[in-house]
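The file query.tsv comes next; it holds TSV, C-alpha atoms and all ligand atoms.
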chain	number	residue	atom	x	y	z
A	1	MET	CA	123.14	112.09	41.17
A	2	VAL	CA	126.15	111.26	39.00
A	3	GLU	CA	125.16	113.89	36.42
A	4	GLN	CA	124.86	116.52	39.14
A	5	LEU	CA	128.30	115.63	40.56
A	6	GLN	CA	129.71	115.88	37.02
A	7	SER	CA	128.12	119.28	36.46
A	8	TYR	CA	129.62	120.53	39.76
A	9	GLY	CA	133.04	119.28	38.61
A	10	VAL	CA	133.34	116.80	41.52
A	11	ILE	CA	133.38	113.87	39.08
A	12	ARG	CA	135.83	114.61	36.28
A	13	SER	CA	136.66	111.18	34.93
A	14	LYS	CA	134.63	108.68	32.97
A	15	ARG	CA	135.80	105.77	35.13
A	16	VAL	CA	134.54	107.40	38.32
A	17	ALA	CA	131.18	108.27	36.70
A	18	GLU	CA	130.84	104.71	35.41
A	19	VAL	CA	131.61	103.04	38.72
A	20	MET	CA	129.19	105.29	40.64
A	21	GLU	CA	126.49	104.42	38.10
A	22	LYS	CA	127.23	100.69	38.31
A	23	ILE	CA	127.33	100.46	42.11
A	24	ASP	CA	123.86	101.51	43.20
A	25	ARG	CA	124.03	103.46	46.45
A	26	ALA	CA	120.41	102.46	47.17
A	27	LEU	CA	121.64	98.93	48.01
A	28	PHE	CA	124.00	100.29	50.68
A	29	VAL	CA	121.89	102.77	52.69
A	30	PRO	CA	119.57	101.58	55.48
A	31	GLU	CA	115.93	101.05	54.52
A	32	GLY	CA	113.97	104.29	54.49
A	33	THR	CA	117.07	106.43	53.86
A	34	PRO	CA	117.03	108.52	50.68
A	35	PRO	CA	119.99	107.10	48.75
A	36	TYR	CA	120.82	109.89	46.30
A	37	VAL	CA	120.60	112.99	48.52
A	38	ASP	CA	124.03	114.61	48.73
A	39	SER	CA	124.50	114.35	52.47
A	40	PRO	CA	125.92	111.81	54.94
A	41	MET	CA	123.29	109.48	56.45
A	42	PRO	CA	123.30	107.56	59.76
A	43	ILE	CA	123.94	103.80	59.44
A	44	GLY	CA	123.79	102.95	63.17
A	45	TYR	CA	126.64	102.38	65.67
A	46	ASN	CA	127.45	106.15	65.64
A	47	ALA	CA	128.61	105.83	62.04
A	48	THR	CA	127.45	107.40	58.77
A	49	ILE	CA	127.65	106.61	55.08
A	50	SER	CA	129.61	109.46	53.51
A	51	ALA	CA	127.84	111.90	51.20
A	52	PRO	CA	127.97	111.08	47.48
A	53	HIS	CA	130.23	114.09	46.81
A	54	MET	CA	132.77	112.77	49.36
A	55	HIS	CA	132.72	109.30	47.81
A	56	ALA	CA	133.21	110.93	44.40
A	57	THR	CA	136.02	113.18	45.68
A	58	CYS	CA	137.92	110.20	47.14
A	59	LEU	CA	137.41	108.05	44.02
A	60	GLN	CA	138.61	110.95	41.89
A	61	LEU	CA	141.71	111.49	44.08
A	62	LEU	CA	142.56	107.78	43.96
A	63	GLU	CA	141.63	107.10	40.33
A	64	GLU	CA	145.19	106.70	39.04
A	65	ASN	CA	145.85	104.20	41.84
A	66	LEU	CA	142.75	102.14	41.10
A	67	ARG	CA	143.83	100.75	37.72
A	68	PRO	CA	143.04	97.13	36.83
A	69	GLY	CA	145.24	94.72	38.78
A	70	MET	CA	146.08	97.17	41.59
A	71	HIS	CA	145.54	96.65	45.34
A	72	ALA	CA	143.20	98.96	47.28
A	73	LEU	CA	142.48	99.16	51.01
A	74	ASP	CA	139.35	100.81	52.46
A	75	ILE	CA	139.65	101.48	56.20
A	76	GLY	CA	136.36	102.05	58.06
A	77	SER	CA	134.52	100.48	55.16
A	78	GLY	CA	131.11	100.96	56.87
A	79	THR	CA	128.39	100.21	54.31
A	80	GLY	CA	130.95	98.79	51.87
A	81	TYR	CA	129.93	101.21	49.11
A	82	LEU	CA	133.44	102.49	48.37
A	83	THR	CA	135.02	99.04	48.80
A	84	ALA	CA	132.65	97.81	46.06
A	85	CYS	CA	133.59	100.77	43.83
A	86	PHE	CA	137.31	100.06	44.39
A	87	ALA	CA	136.77	96.39	43.48
A	88	MET	CA	135.05	97.31	40.22
A	89	MET	CA	137.92	99.63	39.30
A	90	VAL	CA	140.80	97.24	40.12
A	91	GLY	CA	138.87	94.32	38.59
A	92	PRO	CA	139.24	90.56	38.94
A	93	GLN	CA	143.06	90.64	38.74
A	94	GLY	CA	143.21	93.29	41.48
A	95	ARG	CA	142.41	93.25	45.18
A	96	ALA	CA	139.97	95.41	47.13
A	97	VAL	CA	140.03	94.99	50.90
A	98	GLY	CA	137.64	96.58	53.40
A	99	VAL	CA	138.40	96.74	57.15
A	100	GLU	CA	135.67	97.74	59.60
A	101	HIS	CA	135.58	97.26	63.38
A	102	ILE	CA	131.80	96.84	63.82
A	103	PRO	CA	131.02	93.19	62.94
A	104	GLU	CA	127.34	93.97	62.20
A	105	LEU	CA	128.39	96.56	59.60
A	106	VAL	CA	130.78	94.08	57.99
A	107	GLU	CA	127.94	91.58	57.78
A	108	SER	CA	125.45	94.02	56.26
A	109	SER	CA	128.09	95.38	53.86
A	110	VAL	CA	128.72	91.87	52.56
A	111	GLU	CA	124.96	91.41	52.08
A	112	SER	CA	124.76	94.68	50.12
A	113	ILE	CA	127.78	93.80	47.98
A	114	ARG	CA	126.16	90.42	47.17
A	115	LYS	CA	123.21	92.31	45.64
A	116	SER	CA	125.46	94.71	43.71
A	117	ALA	CA	127.41	94.63	40.46
A	118	ALA	CA	130.52	93.76	42.54
A	119	ALA	CA	129.04	90.40	43.67
A	120	PRO	CA	131.16	88.26	41.27
A	121	LEU	CA	134.36	89.90	42.60
A	122	LEU	CA	133.36	89.00	46.17
A	123	LYS	CA	132.65	85.44	45.11
A	124	GLU	CA	135.97	85.09	43.28
A	125	GLY	CA	137.91	86.57	46.20
A	126	ALA	CA	139.15	89.79	44.54
A	127	LEU	CA	137.01	91.68	47.08
A	128	SER	CA	136.89	90.95	50.81
A	129	VAL	CA	135.70	92.76	53.94
A	130	HIS	CA	137.21	92.00	57.34
A	131	VAL	CA	136.44	92.78	60.98
A	132	GLY	CA	139.46	94.50	62.46
A	133	ASP	CA	141.07	97.65	63.80
A	134	GLY	CA	141.78	99.66	60.68
A	135	ARG	CA	144.58	101.60	62.41
A	136	LEU	CA	146.65	98.46	61.86
A	137	GLY	CA	145.78	98.28	58.15
A	138	TRP	CA	145.50	94.80	56.64
A	139	PRO	CA	149.01	93.39	56.08
A	140	GLU	CA	147.82	90.24	54.27
A	141	PHE	CA	147.38	91.98	50.89
A	142	ALA	CA	149.92	94.82	51.33
A	143	PRO	CA	151.47	96.79	49.79
A	144	TYR	CA	148.55	98.85	48.48
A	145	ASP	CA	148.47	101.21	45.50
A	146	ALA	CA	145.49	103.03	47.06
A	147	ILE	CA	144.44	103.43	50.69
A	148	HIS	CA	141.24	105.23	51.68
A	149	VAL	CA	140.42	105.98	55.31
A	150	GLY	CA	136.74	106.74	55.92
A	151	ALA	CA	137.13	108.00	59.52
A	152	ALA	CA	139.21	110.87	60.91
A	153	ALA	CA	142.49	110.04	62.66
A	154	SER	CA	144.22	112.42	65.09
A	155	GLU	CA	147.41	111.46	63.30
A	156	ILE	CA	148.22	109.26	60.31
A	157	PRO	CA	148.69	105.66	61.56
A	158	LYS	CA	152.23	104.45	60.79
A	159	ALA	CA	151.02	100.99	59.79
A	160	LEU	CA	149.07	102.57	56.93
A	161	ILE	CA	152.12	104.45	55.63
A	162	ASP	CA	154.14	101.23	55.90
A	163	GLN	CA	151.51	99.33	53.87
A	164	LEU	CA	151.47	101.94	51.09
A	165	LYS	CA	153.35	100.86	47.97
A	166	PRO	CA	156.08	103.10	46.53
A	167	GLY	CA	154.11	105.13	43.97
A	168	GLY	CA	150.97	104.62	46.08
A	169	ARG	CA	148.51	107.19	47.37
A	170	MET	CA	146.44	107.41	50.56
A	171	VAL	CA	143.47	109.69	51.22
A	172	ILE	CA	142.82	110.22	54.93
A	173	PRO	CA	140.91	112.78	57.01
A	174	VAL	CA	143.14	114.03	59.84
A	175	GLY	CA	142.14	116.09	62.88
A	176	ASN	CA	139.72	116.13	65.76
A	177	ILE	CA	136.92	118.70	65.41
A	178	PHE	CA	138.44	120.52	62.45
A	179	GLN	CA	139.70	117.99	59.95
A	180	ASP	CA	141.64	118.16	56.72
A	181	LEU	CA	141.43	115.58	53.98
A	182	LYS	CA	145.10	114.74	53.44
A	183	VAL	CA	146.62	113.19	50.33
A	184	VAL	CA	149.67	111.12	51.26
A	185	GLU	CA	152.02	109.98	48.51
A	186	LYS	CA	154.86	107.53	48.80
A	187	LYS	CA	157.48	108.22	46.15
A	188	MET	CA	159.47	105.49	44.44
A	189	ASP	CA	162.40	106.27	46.80
A	190	CYS	CA	159.96	105.69	49.74
A	191	SER	CA	159.96	109.36	50.79
A	192	VAL	CA	156.50	110.55	51.82
A	193	SER	CA	154.75	113.80	50.89
A	194	ILE	CA	151.53	115.04	52.45
A	195	ARG	CA	149.23	117.79	51.21
A	196	THR	CA	145.82	119.07	52.26
A	197	GLU	CA	143.00	118.73	49.74
A	198	THR	CA	140.03	120.24	51.58
A	199	SER	CA	138.29	120.62	54.98
A	200	VAL	CA	136.01	117.76	55.97
A	201	ARG	CA	133.95	116.33	58.82
A	202	TYR	CA	134.13	112.57	59.40
A	203	VAL	CA	133.38	110.29	62.36
A	204	PRO	CA	136.56	109.52	64.37
A	205	LEU	CA	138.94	106.64	63.69
A	206	THR	CA	138.92	105.24	67.19
A	207	SER	CA	138.41	102.09	69.27
A	208	ARG	CA	135.15	100.17	68.97
A	209	ASP	CA	134.29	100.88	72.63
A	210	ALA	CA	134.86	104.63	72.31
A	211	GLN	CA	132.73	104.72	69.16
A	212	LEU	CA	129.82	102.81	70.71
A	213	ARG	CA	130.00	105.07	73.81
A	214	GLY	CA	129.87	108.02	71.44
A	215	SER	CA	132.86	109.70	73.06
A	301	LIG	N1	133.20	104.86	53.83
A	301	LIG	C1	132.18	104.44	54.76
A	301	LIG	C2	132.28	105.34	55.96
A	301	LIG	C3	131.64	104.84	57.17
A	301	LIG	S1	131.83	105.94	58.56
A	301	LIG	C4	130.84	104.56	54.09
A	301	LIG	O1	130.68	105.53	53.36
A	301	LIG	O2	129.97	103.72	54.29
A	301	LIG	C5	133.41	105.45	59.19
A	301	LIG	C6	133.49	104.01	59.58
A	301	LIG	O3	134.74	103.81	60.21
A	301	LIG	C7	132.43	103.54	60.55
A	301	LIG	O4	131.73	102.47	59.98
A	301	LIG	C8	133.23	103.12	61.78
A	301	LIG	O5	132.64	102.00	62.43
A	301	LIG	C9	134.60	102.81	61.19
A	301	LIG	N2	135.74	102.89	62.10
A	301	LIG	C10	136.05	103.85	63.00
A	301	LIG	N3	137.19	103.56	63.64
A	301	LIG	C11	137.64	102.38	63.12
A	301	LIG	C12	138.78	101.55	63.38
A	301	LIG	N4	139.69	101.86	64.31
A	301	LIG	N5	138.89	100.41	62.65
A	301	LIG	C13	137.96	100.05	61.72
A	301	LIG	N6	136.87	100.79	61.44
A	301	LIG	C14	136.71	101.95	62.13
Output the file's structure as structure tokens, nothing else.
Ligand code: SAH
Amino acid sequence: MVEQLQSYGVIRSKRVAEVMEKIDRALFVPEGTPPYVDSPMPIGYNATISAPHMHATCLQLLEENLRPGMHALDIGSGTGYLTACFAMMVGPQGRAVGVEHIPELVESSVESIRKSAAAPLLKEGALSVHVGDGRLGWPEFAPYDAIHVGAAASEIPKALIDQLKPGGRMVIPVGNIFQDLKVVEKKMDCSVSIRTETSVRYVPLTSRDAQLRGS
């Protein structure tokens, strides 16, 4: 899978290839789901695990902001796959924080992480996953060098911009039916620039009730 993503040019850096080899996707998909097929897969609760090429794209976009010692926030952490990758990249001196509003998904993501190469980071507290509304971010460990949002917002939540560190970068899908993957950068003078990377299709960033109703 990693070799294929490298040959397509989706993975361009050694660090991204290494982390996707170390964190085995098979531990994070539901039983009976093919782990390495390049497509999103249902994980219950009207949610999906993103396709490997989307995980790789987001890791690649955030690579510079996932250096050892940095703080990373993963909103809509779902299976916990990307949160685990972030933790491996920022290392024991860094902080990787997942926020997910379905408690059952938080629980199963923690179980998966415990079986993965990121288990020591969870144990030591450099990696944590929390039940919460990701639209509010997670102020406790802010500001963040990297923020990833794994569900599409109709607009960029202000709390997330506020929790981005000067010099930090956020990757967030924005839109309703047609969505753009936006790259948001906060400059050292706190001005914010936003550009569109590509067109995407994610599940909505919404309330828990709306998600479970499927509306
Ligand atoms: N990156 C995850 C993506 C999961 S799909 C993965 O690859 O496993 C998007 C996730 O966002 C779902 O798990 C959904 O439950 C969650 N979500 C949607 N709205 C949310 C909100 N307001 N707060 C927290 N999580 C949310």
Select from chain A every residue with an atom at most 8 Å from any atom of ligand LIG 301 (chain A), then for each give the shortest pair of atoms and their distance in Å to one decimal, using only C-alpha atoms and all ligand atoms, rows by chain and rising number, as a Markdown table.
| residue | atom | partner | partner_atom | distance |
| --- | --- | --- | --- | --- |
| A:Phe28 | CA | A:LIG301 | O2 | 7.8 |
| A:Ile43 | CA | A:LIG301 | O4 | 7.9 |
| A:Tyr45 | CA | A:LIG301 | O5 | 6.8 |
| A:Asn46 | CA | A:LIG301 | O5 | 7.4 |
| A:Ala47 | CA | A:LIG301 | C7 | 4.7 |
| A:Thr48 | CA | A:LIG301 | S1 | 4.6 |
| A:Ile49 | CA | A:LIG301 | O1 | 3.6 |
| A:Ser50 | CA | A:LIG301 | O1 | 4.1 |
| A:Ala51 | CA | A:LIG301 | O1 | 7.3 |
| A:His55 | CA | A:LIG301 | O1 | 7.0 |
| A:Asp74 | CA | A:LIG301 | N1 | 7.5 |
| A:Ile75 | CA | A:LIG301 | C13 | 5.9 |
| A:Gly76 | CA | A:LIG301 | O3 | 3.2 |
| A:Ser77 | CA | A:LIG301 | C1 | 4.6 |
| A:Gly78 | CA | A:LIG301 | O4 | 3.5 |
| A:Thr79 | CA | A:LIG301 | O2 | 3.8 |
| A:Gly80 | CA | A:LIG301 | O2 | 5.6 |
| A:Tyr81 | CA | A:LIG301 | O2 | 5.8 |
| A:Leu82 | CA | A:LIG301 | N1 | 6.0 |
| A:Thr83 | CA | A:LIG301 | N1 | 7.9 |
| A:Val99 | CA | A:LIG301 | C13 | 5.7 |
| A:Glu100 | CA | A:LIG301 | N6 | 3.8 |
| A:His101 | CA | A:LIG301 | C13 | 4.0 |
| A:Ile102 | CA | A:LIG301 | O5 | 5.4 |
| A:Leu105 | CA | A:LIG301 | O4 | 6.8 |
| A:Val131 | CA | A:LIG301 | C13 | 7.5 |
| A:Gly132 | CA | A:LIG301 | C13 | 5.8 |
| A:Asp133 | CA | A:LIG301 | N5 | 3.7 |
| A:Gly134 | CA | A:LIG301 | N5 | 3.6 |
| A:Arg135 | CA | A:LIG301 | N4 | 5.3 |
| A:Val149 | CA | A:LIG301 | N1 | 7.5 |
| A:Gly150 | CA | A:LIG301 | N1 | 4.5 |
| A:Ala151 | CA | A:LIG301 | C5 | 4.5 |
| A:Ala152 | CA | A:LIG301 | C10 | 8.0 |
| A:Tyr202 | CA | A:LIG301 | S1 | 7.1 |
| A:Val203 | CA | A:LIG301 | C5 | 5.8 |
| A:Pro204 | CA | A:LIG301 | C10 | 5.9 |
| A:Leu205 | CA | A:LIG301 | N3 | 3.5 |
| A:Thr206 | CA | A:LIG301 | N3 | 4.3 |
| A:Ser207 | CA | A:LIG301 | N4 | 5.1 |
| A:Arg208 | CA | A:LIG301 | N3 | 6.6 |
| A:Gln211 | CA | A:LIG301 | C10 | 7.1 |
Next item on the list: Could you check which of A:Thr33, A:Val129, A:Val200, A:Glu18 is closest to A:Gly175, using all atoms listed in the file?
Entry: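 Between A:Thr33, A:Val129, A:Val200, A:Glu18, the residue approaching A:Gly175 most closely is A:Val200.
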Could you list, as a PDB file with C-alpha atoms, in the frame of the given file, every residue within 7 Å of stretch 136-147 of chain A, counting all atoms listed in the file and ignoring same-chain residues fewer than 5 positions away?
ATOM      1  CA  LEU A  62     142.560 107.780  43.960  1.00  0.00           C
ATOM      2  CA  ASN A  65     145.850 104.200  41.840  1.00  0.00           C
ATOM      3  CA  LEU A  66     142.750 102.140  41.100  1.00  0.00           C
ATOM      4  CA  MET A  70     146.080  97.170  41.590  1.00  0.00           C
ATOM      5  CA  HIS A  71     145.540  96.650  45.340  1.00  0.00           C
ATOM      6  CA  ALA A  72     143.200  98.960  47.280  1.00  0.00           C
ATOM      7  CA  LEU A  73     142.480  99.160  51.010  1.00  0.00           C
ATOM      8  CA  ASP A  74     139.350 100.810  52.460  1.00  0.00           C
ATOM      9  CA  ALA A 159     151.020 100.990  59.790  1.00  0.00           C
ATOM     10  CA  LEU A 160     149.070 102.570  56.930  1.00  0.00           C
ATOM     11  CA  GLN A 163     151.510  99.330  53.870  1.00  0.00           C
ATOM     12  CA  LEU A 164     151.470 101.940  51.090  1.00  0.00           C
ATOM     13  CA  LYS A 165     153.350 100.860  47.970  1.00  0.00           C
ATOM     14  CA  GLY A 168     150.970 104.620  46.080  1.00  0.00           C
ATOM     15  CA  ARG A 169     148.510 107.190  47.370  1.00  0.00           C
ATOM     16  CA  MET A 170     146.440 107.410  50.560  1.00  0.00           C
ATOM     17  CA  VAL A 171     143.470 109.690  51.220  1.00  0.00           C
TER      18      VAL A 171
END
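The shortest atom-to-atom distance to A:Ile156, with all atoms listed in the file taken into account, belongs to A:Val192 out of A:Ser108, A:Val192, A:Ser128, A:Val10.
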Check: At what distance in Å, to one decimal, does atom CA of A:Pro42 lie from atom CA of A:Thr57?
Finding: 19.8 Å
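Distances to A:Gly9 were evaluated for A:Glu107, A:Ile161, A:His53, A:Gly125 using only C-alpha atoms, and the minimum falls at A:His53.
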Item checked: Residue nearest A:Ser13 among A:Ala126, A:Met88, A:Leu61, A:Ile172 (counting all atoms listed in the file) ->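 Among A:Ala126, A:Met88, A:Leu61, A:Ile172, it is A:Leu61 that comes nearest to A:Ser13.
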Margin query: What does the structure give for the distance between atom CA of A:Arg15 and atom CA of A:Asp162, in Å to one decimal?
Written below: 28.1 Å
Next item on the list: Could you give me, as a PyMOL selection string, the residues that have an atom at most 12 Å away from the point (133.3, 87.8, 43.6) in the coordinates of the file, using all atoms listed in the file?
Entry: chain A and resi 84+87-88+91-96+110+113-129
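The smallest atom-to-atom distance between A:Met89 and any of A:Leu212, A:Ala17, A:Val184, A:Leu5, using all atoms listed in the file, is found for A:Ala17.
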Notebook entry, point to check: Nearest to A:Glu21 among A:His148, A:Glu3, A:Ser193, A:Ala153, with distances taken over only C-alpha atoms: which residue is it?
Noted result: A:Glu3
Next item on the list: Would you mind reading off the distance between atom CA of A:Pro68 and atom CA of A:Lys186, one decimal, in Å?
Entry: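 These two atoms are separated by 19.8 Å.
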Check: Could you pull the residues within 10 Å of A:Pro35, counting only C-alpha atoms, minus those fewer than 2 positions along the same chain, as a ChimeraX atom specification?
Finding: /A:1,24-33,37-41,49,51-52
Since the input lacks atoms, please generate N, CA and C atoms for stretch 146-158 of chain A and provide them as an mmCIF file, in the coordinates of the input.
data_model
loop_
_atom_site.group_PDB
_atom_site.id
_atom_site.type_symbol
_atom_site.label_atom_id
_atom_site.label_comp_id
_atom_site.auth_asym_id
_atom_site.auth_seq_id
_atom_site.Cartn_x
_atom_site.Cartn_y
_atom_site.Cartn_z
ATOM 1 N N ALA A 146 146.434 102.003 46.585
ATOM 2 C CA ALA A 146 145.490 103.030 47.060
ATOM 3 C C ALA A 146 145.013 102.650 48.450
ATOM 4 N N ILE A 147 145.038 103.633 49.365
ATOM 5 C CA ILE A 147 144.440 103.430 50.690
ATOM 6 C C ILE A 147 143.459 104.571 50.926
ATOM 7 N N HIS A 148 142.229 104.216 51.314
ATOM 8 C CA HIS A 148 141.240 105.230 51.680
ATOM 9 C C HIS A 148 140.882 105.009 53.142
ATOM 10 N N VAL A 149 140.849 106.081 53.913
ATOM 11 C CA VAL A 149 140.420 105.980 55.310
ATOM 12 C C VAL A 149 139.133 106.783 55.436
ATOM 13 N N GLY A 150 138.074 106.120 55.884
ATOM 14 C CA GLY A 150 136.740 106.740 55.920
ATOM 15 C C GLY A 150 136.387 107.304 57.281
ATOM 16 N N ALA A 151 137.369 107.427 58.193
ATOM 17 C CA ALA A 151 137.130 108.000 59.520
ATOM 18 C C ALA A 151 138.360 108.837 59.865
ATOM 19 N N ALA A 152 138.133 109.888 60.688
ATOM 20 C CA ALA A 152 139.210 110.870 60.910
ATOM 21 C C ALA A 152 140.158 110.428 62.022
ATOM 22 N N ALA A 153 141.444 110.424 61.700
ATOM 23 C CA ALA A 153 142.490 110.040 62.660
ATOM 24 C C ALA A 153 143.084 111.307 63.261
ATOM 25 N N SER A 154 143.547 111.227 64.547
ATOM 26 C CA SER A 154 144.220 112.420 65.090
ATOM 27 C C SER A 154 145.611 112.543 64.463
ATOM 28 N N GLU A 155 146.215 111.422 64.142
ATOM 29 C CA GLU A 155 147.410 111.460 63.300
ATOM 30 C C GLU A 155 147.418 110.253 62.356
ATOM 31 N N ILE A 156 148.238 110.314 61.319
ATOM 32 C CA ILE A 156 148.220 109.260 60.310
ATOM 33 C C ILE A 156 148.862 107.993 60.884
ATOM 34 N N PRO A 157 148.106 106.872 60.985
ATOM 35 C CA PRO A 157 148.690 105.660 61.560
ATOM 36 C C PRO A 157 149.901 105.177 60.735
ATOM 37 N N LYS A 158 150.985 104.855 61.463
ATOM 38 C CA LYS A 158 152.230 104.450 60.790
ATOM 39 C C LYS A 158 152.043 103.184 59.973
#
